[in-house]
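Enquirer: File protein-v5.cif below, mmCIF, C-alpha atoms:
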```
data_start
loop_
_atom_site.group_PDB
_atom_site.id
_atom_site.type_symbol
_atom_site.label_atom_id
_atom_site.label_comp_id
_atom_site.auth_asym_id
_atom_site.auth_seq_id
_atom_site.Cartn_x
_atom_site.Cartn_y
_atom_site.Cartn_z
ATOM 1 C CA MET A 1 -3.115 -23.063 -4.040
ATOM 2 C CA ALA A 2 -2.942 -22.158 -0.392
ATOM 3 C CA SER A 3 -6.349 -22.453 1.224
ATOM 4 C CA TRP A 4 -5.829 -19.395 3.414
ATOM 5 C CA LEU A 5 -5.734 -17.088 0.409
ATOM 6 C CA PRO A 6 -8.758 -14.839 -0.019
ATOM 7 C CA GLU A 7 -11.225 -15.583 -2.823
ATOM 8 C CA THR A 8 -10.193 -12.417 -4.692
ATOM 9 C CA LEU A 9 -6.449 -12.377 -5.324
ATOM 10 C CA PHE A 10 -6.280 -9.194 -7.370
ATOM 11 C CA GLU A 11 -8.599 -6.516 -8.699
ATOM 12 C CA ILE A 12 -7.964 -3.463 -10.826
ATOM 13 C CA VAL A 13 -10.262 -1.069 -12.669
ATOM 14 C CA GLY A 14 -9.465 1.488 -15.314
ATOM 15 C CA GLN A 15 -10.399 3.354 -18.430
ATOM 16 C CA GLY A 16 -9.335 2.223 -21.866
ATOM 17 C CA PRO A 17 -6.587 4.063 -23.750
ATOM 18 C CA ALA A 18 -7.588 7.334 -25.440
ATOM 19 C CA PRO A 19 -9.807 8.135 -27.241
ATOM 20 C CA SER A 20 -11.870 5.366 -25.636
ATOM 21 C CA LYS A 21 -14.033 6.218 -22.643
ATOM 22 C CA ASP A 22 -14.831 2.569 -21.970
ATOM 23 C CA TYR A 23 -14.444 1.294 -18.422
ATOM 24 C CA TYR A 24 -12.806 -2.038 -17.543
ATOM 25 C CA GLN A 25 -12.435 -4.301 -14.528
ATOM 26 C CA LEU A 26 -9.991 -7.165 -14.127
ATOM 27 C CA LEU A 27 -10.602 -9.579 -11.291
ATOM 28 C CA VAL A 28 -8.422 -12.567 -10.479
ATOM 29 C CA THR A 29 -9.967 -15.068 -8.094
ATOM 30 C CA ARG A 30 -8.466 -18.288 -6.790
ATOM 31 C CA PHE A 31 -9.795 -20.190 -9.807
ATOM 32 C CA GLN A 32 -10.770 -17.671 -12.511
ATOM 33 C CA VAL A 33 -9.750 -14.567 -14.400
ATOM 34 C CA ILE A 34 -12.780 -12.308 -14.879
ATOM 35 C CA PHE A 35 -12.657 -9.419 -17.348
ATOM 36 C CA ARG A 36 -15.587 -6.970 -17.449
ATOM 37 C CA TRP A 37 -16.208 -3.955 -19.642
ATOM 38 C CA TRP A 38 -18.711 -1.136 -19.960
ATOM 39 C CA LYS A 39 -19.080 0.799 -23.236
ATOM 40 C CA ILE A 40 -19.214 4.543 -22.659
ATOM 41 C CA SER A 41 -20.248 6.407 -25.798
ATOM 42 C CA LEU A 42 -22.480 9.220 -26.990
ATOM 43 C CA ARG A 43 -23.146 7.407 -30.256
ATOM 44 C CA SER A 44 -26.670 6.116 -30.493
ATOM 45 C CA GLU A 45 -25.628 2.660 -31.756
ATOM 46 C CA TYR A 46 -23.701 2.021 -28.511
ATOM 47 C CA ARG A 47 -26.292 3.400 -26.055
ATOM 48 C CA SER A 48 -28.106 0.119 -25.722
ATOM 49 C CA THR A 49 -24.898 -1.903 -25.413
ATOM 50 C CA LYS A 50 -24.907 -3.934 -22.240
ATOM 51 C CA PRO A 51 -21.836 -4.513 -20.087
ATOM 52 C CA GLY A 52 -19.767 -7.536 -21.067
ATOM 53 C CA GLU A 53 -17.939 -10.180 -19.111
ATOM 54 C CA THR A 54 -15.448 -12.914 -19.914
ATOM 55 C CA LYS A 55 -14.534 -15.627 -17.421
ATOM 56 C CA GLU A 56 -11.668 -18.037 -17.907
ATOM 57 C CA THR A 57 -9.916 -20.546 -15.708
ATOM 58 C CA HIS A 58 -6.294 -19.859 -14.916
ATOM 59 C CA GLU A 59 -5.185 -22.605 -17.306
ATOM 60 C CA ASP A 60 -7.295 -21.240 -20.176
ATOM 61 C CA PHE A 61 -6.035 -17.717 -19.534
ATOM 62 C CA LEU A 62 -2.415 -18.860 -19.728
ATOM 63 C CA GLU A 63 -3.096 -20.518 -23.104
ATOM 64 C CA LYS A 64 -5.327 -17.867 -24.793
ATOM 65 C CA SER A 65 -3.745 -14.742 -26.140
ATOM 66 C CA HIS A 66 -6.869 -12.606 -26.894
ATOM 67 C CA LEU A 67 -7.593 -11.696 -23.265
ATOM 68 C CA GLN A 68 -3.888 -11.248 -22.574
ATOM 69 C CA VAL A 69 -3.647 -8.642 -25.345
ATOM 70 C CA GLN A 70 -6.666 -6.759 -23.955
ATOM 71 C CA ILE A 71 -5.174 -6.692 -20.463
ATOM 72 C CA ALA A 72 -1.793 -5.516 -21.757
ATOM 73 C CA LEU A 73 -3.414 -2.708 -23.785
ATOM 74 C CA ILE A 74 -5.653 -1.467 -20.992
ATOM 75 C CA PHE A 75 -3.664 -2.097 -17.820
ATOM 76 C CA GLY A 76 -0.089 -2.502 -19.102
ATOM 77 C CA SER A 77 2.488 -5.250 -19.296
ATOM 78 C CA ARG A 78 3.366 -5.141 -15.570
ATOM 79 C CA ILE A 79 -0.220 -6.004 -14.635
ATOM 80 C CA LEU A 80 -0.258 -8.762 -17.263
ATOM 81 C CA ASP A 81 2.947 -10.231 -15.798
ATOM 82 C CA TYR A 82 1.475 -10.048 -12.303
ATOM 83 C CA VAL A 83 -1.710 -11.837 -13.432
ATOM 84 C CA PHE A 84 0.427 -14.500 -15.146
ATOM 85 C CA ASN A 85 2.262 -15.105 -11.878
ATOM 86 C CA LEU A 86 -1.002 -15.388 -9.959
ATOM 87 C CA CYS A 87 -2.398 -17.867 -12.480
ATOM 88 C CA GLU A 88 0.783 -19.931 -12.268
ATOM 89 C CA GLY A 89 0.508 -20.029 -8.460
ATOM 90 C CA LYS A 90 3.430 -17.668 -7.858
ATOM 91 C CA PHE A 91 2.219 -15.442 -5.042
ATOM 92 C CA ASP A 92 3.962 -12.589 -3.313
ATOM 93 C CA PHE A 93 3.051 -13.642 0.202
ATOM 94 C CA LEU A 94 4.806 -10.641 1.721
ATOM 95 C CA GLU A 95 2.427 -8.406 -0.224
ATOM 96 C CA ARG A 96 -0.525 -10.117 1.448
ATOM 97 C CA LEU A 97 0.588 -9.449 5.028
ATOM 98 C CA SER A 98 -1.192 -6.674 6.880
ATOM 99 C CA ASP A 99 0.555 -3.369 7.504
ATOM 100 C CA SER A 100 0.467 -3.858 11.274
ATOM 101 C CA LEU A 101 2.194 -7.244 11.002
ATOM 102 C CA LEU A 102 4.801 -5.865 8.586
ATOM 103 C CA LEU A 103 5.454 -2.918 10.925
ATOM 104 C CA ASN A 104 6.018 -5.330 13.767
ATOM 105 C CA ILE A 105 8.502 -7.340 11.670
ATOM 106 C CA ILE A 106 10.281 -4.242 10.348
ATOM 107 C CA SER A 107 10.747 -2.879 13.880
ATOM 108 C CA TYR A 108 13.228 -5.712 14.569
ATOM 109 C CA LEU A 109 15.465 -4.808 11.611
ATOM 110 C CA ASP A 110 18.688 -2.827 11.839
ATOM 111 C CA LEU A 111 18.523 0.793 10.673
ATOM 112 C CA GLU A 112 20.565 -0.004 7.540
ATOM 113 C CA ASP A 113 18.130 -2.792 6.643
ATOM 114 C CA ILE A 114 15.150 -0.477 7.155
ATOM 115 C CA ALA A 115 16.766 2.041 4.801
ATOM 116 C CA ARG A 116 17.320 -0.660 2.168
ATOM 117 C CA LEU A 117 13.815 -2.071 2.585
ATOM 118 C CA SER A 118 12.303 1.394 2.090
ATOM 119 C CA GLN A 119 13.807 1.445 -1.409
ATOM 120 C CA THR A 120 12.149 -1.782 -2.601
ATOM 121 C CA SER A 121 8.574 -0.560 -3.145
ATOM 122 C CA ARG A 122 6.204 2.310 -2.466
ATOM 123 C CA ARG A 123 4.416 0.286 0.174
ATOM 124 C CA PHE A 124 7.618 -0.447 2.083
ATOM 125 C CA ALA A 125 8.776 3.154 1.693
ATOM 126 C CA LYS A 126 5.527 4.309 3.292
ATOM 127 C CA LEU A 127 5.795 1.729 6.078
ATOM 128 C CA CYS A 128 9.466 2.491 6.777
ATOM 129 C CA MET A 129 8.717 6.214 7.091
ATOM 130 C CA SER A 130 5.550 5.774 9.160
ATOM 131 C CA ASP A 131 5.240 7.217 12.636
ATOM 132 C CA GLU A 132 3.859 3.899 13.858
ATOM 133 C CA LEU A 133 7.122 2.108 13.042
ATOM 134 C CA TRP A 134 9.326 4.781 14.570
ATOM 135 C CA GLU A 135 7.170 4.920 17.676
ATOM 136 C CA GLN A 136 7.764 1.162 18.116
ATOM 137 C CA ILE A 137 11.502 1.651 17.557
ATOM 138 C CA VAL A 138 11.694 4.541 20.047
ATOM 139 C CA ARG A 139 9.708 2.574 22.633
ATOM 140 C CA SER A 140 12.007 -0.432 22.252
ATOM 141 C CA SER A 141 15.146 1.700 22.671
ATOM 142 C CA CYS A 142 13.914 3.876 25.575
ATOM 143 C CA ASP A 143 13.217 2.719 29.095
ATOM 144 C CA HIS A 144 10.505 5.285 29.785
ATOM 145 C CA ILE A 145 8.671 7.810 27.627
ATOM 146 C CA THR A 146 7.269 10.769 29.527
ATOM 147 C CA PRO A 147 4.070 12.528 28.478
ATOM 148 C CA ASP A 148 6.198 15.511 27.427
ATOM 149 C CA MET A 149 8.313 13.291 25.188
ATOM 150 C CA ARG A 150 5.163 11.771 23.691
ATOM 151 C CA ALA A 151 3.724 15.239 23.000
ATOM 152 C CA LEU A 152 7.008 16.340 21.430
ATOM 153 C CA ALA A 153 7.011 13.215 19.227
ATOM 154 C CA GLN A 154 3.465 14.045 18.138
ATOM 155 C CA ASP A 155 4.685 17.495 17.058
ATOM 156 C CA MET A 156 7.986 16.595 15.415
ATOM 157 C CA GLY A 157 7.356 12.968 14.458
ATOM 158 C CA TRP A 158 8.723 9.802 16.044
ATOM 159 C CA ARG A 159 11.345 9.300 13.343
ATOM 160 C CA GLN A 160 12.740 12.801 13.810
ATOM 161 C CA MET A 161 12.722 12.272 17.543
ATOM 162 C CA TYR A 162 14.680 9.027 17.200
ATOM 163 C CA PHE A 163 17.436 10.687 15.173
ATOM 164 C CA THR A 164 17.613 13.795 17.352
ATOM 165 C CA ASN A 165 20.365 13.661 19.962
ATOM 166 C CA LYS A 166 19.658 13.873 23.683
ATOM 167 C CA LEU A 167 20.746 17.511 24.118
ATOM 168 C CA GLN A 168 18.576 18.677 21.243
ATOM 169 C CA LEU A 169 15.614 16.753 22.683
ATOM 170 C CA GLN A 170 16.095 18.427 26.056
ATOM 171 C CA ARG A 171 16.225 21.834 24.340
ATOM 172 C CA HIS A 172 13.029 21.034 22.359
ATOM 173 C CA LEU A 173 11.263 19.921 25.546
ATOM 174 C CA ARG A 174 12.353 23.093 27.377
ATOM 175 C CA LYS A 175 11.124 25.295 24.498
ATOM 176 C CA ARG A 176 7.854 23.403 24.391
ATOM 177 C CA LYS A 177 7.281 23.925 28.134
ATOM 178 C CA GLN A 178 8.116 27.639 27.789
ATOM 179 C CA TRP A 179 5.716 27.974 24.853
ATOM 180 C CA GLN A 180 2.935 26.217 26.802
ATOM 181 C CA GLY A 181 3.602 28.486 29.802
ATOM 182 C CA SER A 182 3.363 31.591 27.633
ATOM 183 C CA GLN A 183 0.132 30.296 26.056
ATOM 184 C CA ARG A 184 -1.423 29.796 29.502
ATOM 185 C CA SER A 185 -0.348 33.238 30.739
ATOM 186 C CA SER A 186 -1.720 34.936 27.619
ATOM 187 C CA GLN A 187 -5.092 33.238 28.117
ATOM 188 C CA LEU A 188 -5.360 34.673 31.652
#
```
Using structure tokens, write down the structure from this file.
Expert:
Amino acid sequence: MASWLPETLFEIVGQGPAPSKDYYQLLVTRFQVIFRWWKISLRSEYRSTKPGETKETHEDFLEKSHLQVQIALIFGSRILDYVFNLCEGKFDFLERLSDSLLLNIISYLDLEDIARLSQTSRRFAKLCMSDELWEQIVRSSCDHITPDMRALAQDMGWRQMYFTNKLQLQRHLRKRKQWQGSQRSSQL
């Protein structure tokens, strides 16, 4: 396994399927799969039940089916598949990059590629629609951004500003200046 990976590779918490009120935590570290549970019940026989924990190495987890069934029931088959991949050393390294680094990388893509990337996952959709990305794109395509343009982008959003043509931007800036002038005169 890559040594630069964090100690905790994955963590998820959740409640068991109805009617259970039990609470569960699944933690995948670089070397272990840790499954914890807390019994939540009004019944007197369960009140003194202490939280439980099972720890297994990645190899043991891949071989044993009992813990796999529990994870599938509580967290679903997609989470189980993801944990399998982690235990087998198959990491999604792109998923581990910070948002700021991904935004920097995405800003070099063509617009068509950004549109396609936004359809791959919720995280990329959020990043591809973010004002931070579109501010970087606008800055890279414009020689100079005036304070008025920056204020307009704050109001309408950098993405909208990028796709607005030059004449419309000039009209928006003119309206904004008129509105600010009328606000100042009404305060006097």
Enquirer: Using CA of Ala72 in chain A and CA of Ser20 in chain A as the two end points, give the distance in Å to one decimal.
Expert: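 Separation between CA of Ala72 in chain A and CA of Ser20 in chain A: 15.3 Å.
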Enquirer: Identify which of the residues A:Ala151, A:Met161, A:Leu173, A:Ala115 lies closest to Trp134 in chain A, counting all atoms listed in the file when measuring atom-to-atom distances.
Expert: A:Met161
Enquirer: Hey, which bits of range 49-146 of chain A sit within 10 Å of range 154-157 of chain A, and for each residue what's the closest pair of atoms and how far apart in Å (one decimal), counting only C-alpha atoms, rows by chain and increasing number, as a tab-separated table?
Expert:
```
residue	atom	partner	partner_atom	distance
A:Ser130	CA	A:Gly157	CA	9.1
A:Asp131	CA	A:Gly157	CA	6.4
A:Glu132	CA	A:Gly157	CA	9.7
A:Trp134	CA	A:Gly157	CA	8.4
A:Glu135	CA	A:Gly157	CA	8.7
```
Enquirer: Contacts of Phe124 in chain A at 12 Å or less, counting all atoms listed in the file, minus same-chain residues fewer than 2 places along, as an MDAnalysis selection string?
Expert: chainID A and resid 94:95 97:99 102:103 105:106 113:122 126:130 133
Enquirer: Tell me, in Å to one decimal, how far CA of Asn165 in chain A is from CA of Arg123 in chain A.
Expert: 28.7 Å
Enquirer: What gap, in Å, lies between CA of Gln170 in chain A and CA of Leu109 in chain A?
Expert: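 CA of Leu109 in chain A lies 27.4 Å from CA of Gln170 in chain A.
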Enquirer: Would you mind listing what lies within 12 Å of Leu86 in chain A as a VMD selection string, with all atoms listed in the file counted and same-chain residues fewer than 5 positions away left out?
Expert: chain A and resid 1 to 2 5 8 to 11 27 to 33 57 to 59 61 to 62 79 to 81 91 to 93
Enquirer: Counting only C-alpha atoms, which residue out of A:Asp22, A:Glu112, A:Glu7, A:Glu88 sits closest to Thr49 in chain A?
Expert: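 So, comparing all the options, the nearest one is A:Asp22.
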Enquirer: Which residue, A:Ile74, A:Ile40, A:Val13, A:Leu26, has the smallest gap to Glu53 in chain A when you use all atoms listed in the file?
Expert: A:Leu26
Enquirer: List every protein, DNA or RNA residue that has at least one atom no more than 8 Å from (-20.4, -7.4, -19.6) in the file's coordinates, counting only C-alpha atoms, and write the result as a PyMOL selection string.
Expert: chain A and resi 36-38+50-54
Enquirer: Please output range 31-42 of chain A, rebuilt to include all heavy atoms, as a compact mmCIF listing (two decimals), in the frame of the given file.
Expert:
```txt
# COMPACT_ATOMS: atom_id res chain seq x y z
N PHE A 31 -9.63 -19.21 -8.73
CA PHE A 31 -9.80 -20.19 -9.81
C PHE A 31 -10.05 -19.58 -11.18
O PHE A 31 -9.98 -20.27 -12.18
CB PHE A 31 -10.95 -21.15 -9.47
CG PHE A 31 -10.76 -21.82 -8.13
CD1 PHE A 31 -11.50 -21.40 -7.04
CD2 PHE A 31 -9.83 -22.82 -7.96
CE1 PHE A 31 -11.33 -22.01 -5.80
CE2 PHE A 31 -9.65 -23.43 -6.73
CZ PHE A 31 -10.39 -23.03 -5.64
N GLN A 32 -10.38 -18.28 -11.24
CA GLN A 32 -10.77 -17.67 -12.51
C GLN A 32 -10.12 -16.31 -12.72
O GLN A 32 -9.75 -15.62 -11.77
CB GLN A 32 -12.29 -17.46 -12.57
CG GLN A 32 -13.10 -18.71 -12.67
CD GLN A 32 -14.58 -18.35 -12.78
OE1 GLN A 32 -15.07 -17.44 -12.10
NE2 GLN A 32 -15.28 -19.06 -13.65
N VAL A 33 -10.07 -15.93 -14.00
CA VAL A 33 -9.75 -14.57 -14.40
C VAL A 33 -11.03 -14.01 -15.00
O VAL A 33 -11.59 -14.58 -15.94
CB VAL A 33 -8.61 -14.53 -15.45
CG1 VAL A 33 -8.36 -13.11 -15.93
CG2 VAL A 33 -7.35 -15.14 -14.87
N ILE A 34 -11.52 -12.91 -14.43
CA ILE A 34 -12.78 -12.31 -14.88
C ILE A 34 -12.46 -10.93 -15.43
O ILE A 34 -11.85 -10.09 -14.75
CB ILE A 34 -13.79 -12.21 -13.72
CG1 ILE A 34 -14.04 -13.60 -13.13
CG2 ILE A 34 -15.10 -11.57 -14.19
CD1 ILE A 34 -14.80 -13.58 -11.82
N PHE A 35 -12.89 -10.69 -16.67
CA PHE A 35 -12.66 -9.42 -17.35
C PHE A 35 -14.02 -8.83 -17.70
O PHE A 35 -14.81 -9.47 -18.39
CB PHE A 35 -11.81 -9.67 -18.60
CG PHE A 35 -11.40 -8.42 -19.32
CD1 PHE A 35 -10.44 -7.58 -18.79
CD2 PHE A 35 -11.96 -8.10 -20.55
CE1 PHE A 35 -10.04 -6.45 -19.46
CE2 PHE A 35 -11.58 -6.96 -21.23
CZ PHE A 35 -10.61 -6.13 -20.68
N ARG A 36 -14.29 -7.63 -17.20
CA ARG A 36 -15.59 -6.97 -17.45
C ARG A 36 -15.34 -5.63 -18.13
O ARG A 36 -14.32 -4.98 -17.90
CB ARG A 36 -16.32 -6.73 -16.13
CG ARG A 36 -16.68 -8.00 -15.42
CD ARG A 36 -17.43 -7.72 -14.13
NE ARG A 36 -17.80 -8.96 -13.50
CZ ARG A 36 -17.55 -9.26 -12.23
NH1 ARG A 36 -16.96 -8.39 -11.46
NH2 ARG A 36 -17.90 -10.43 -11.73
N TRP A 37 -16.33 -5.24 -18.96
CA TRP A 37 -16.21 -3.96 -19.64
C TRP A 37 -17.57 -3.29 -19.76
O TRP A 37 -18.62 -3.94 -19.80
CB TRP A 37 -15.57 -4.12 -21.02
CG TRP A 37 -16.34 -4.98 -21.97
CD1 TRP A 37 -17.32 -4.59 -22.84
CD2 TRP A 37 -16.23 -6.40 -22.10
NE1 TRP A 37 -17.80 -5.67 -23.53
CE2 TRP A 37 -17.15 -6.80 -23.08
CE3 TRP A 37 -15.45 -7.37 -21.49
CZ2 TRP A 37 -17.31 -8.12 -23.48
CZ3 TRP A 37 -15.60 -8.69 -21.88
CH2 TRP A 37 -16.52 -9.05 -22.86
N TRP A 38 -17.53 -1.96 -19.80
CA TRP A 38 -18.71 -1.14 -19.96
C TRP A 38 -18.41 -0.14 -21.08
O TRP A 38 -17.44 0.61 -21.00
CB TRP A 38 -19.02 -0.36 -18.68
CG TRP A 38 -19.45 -1.22 -17.55
CD1 TRP A 38 -20.72 -1.50 -17.16
CD2 TRP A 38 -18.59 -1.91 -16.61
NE1 TRP A 38 -20.71 -2.32 -16.06
CE2 TRP A 38 -19.41 -2.60 -15.71
CE3 TRP A 38 -17.21 -2.05 -16.47
CZ2 TRP A 38 -18.91 -3.37 -14.68
CZ3 TRP A 38 -16.71 -2.81 -15.45
CH2 TRP A 38 -17.56 -3.46 -14.57
N LYS A 39 -19.24 -0.14 -22.12
CA LYS A 39 -19.08 0.80 -23.24
C LYS A 39 -19.62 2.16 -22.81
O LYS A 39 -20.76 2.28 -22.38
CB LYS A 39 -19.85 0.32 -24.47
CG LYS A 39 -19.14 -0.76 -25.24
CD LYS A 39 -18.16 -0.11 -26.15
CE LYS A 39 -17.61 -1.12 -27.14
NZ LYS A 39 -16.39 -0.65 -27.72
N ILE A 40 -18.81 3.18 -22.96
CA ILE A 40 -19.21 4.54 -22.66
C ILE A 40 -19.11 5.32 -23.97
O ILE A 40 -18.01 5.55 -24.47
CB ILE A 40 -18.30 5.19 -21.60
CG1 ILE A 40 -18.10 4.30 -20.39
CG2 ILE A 40 -18.80 6.58 -21.22
CD1 ILE A 40 -19.30 4.07 -19.54
N SER A 41 -20.28 5.71 -24.52
CA SER A 41 -20.25 6.41 -25.80
C SER A 41 -21.49 7.27 -25.95
O SER A 41 -22.57 6.94 -25.45
CB SER A 41 -20.19 5.39 -26.94
OG SER A 41 -20.23 6.05 -28.18
N LEU A 42 -21.34 8.36 -26.67
CA LEU A 42 -22.48 9.22 -26.99
C LEU A 42 -23.18 8.77 -28.27
O LEU A 42 -24.28 9.23 -28.58
CB LEU A 42 -22.02 10.67 -27.14
CG LEU A 42 -21.47 11.32 -25.87
CD1 LEU A 42 -20.93 12.71 -26.17
CD2 LEU A 42 -22.54 11.39 -24.79
```
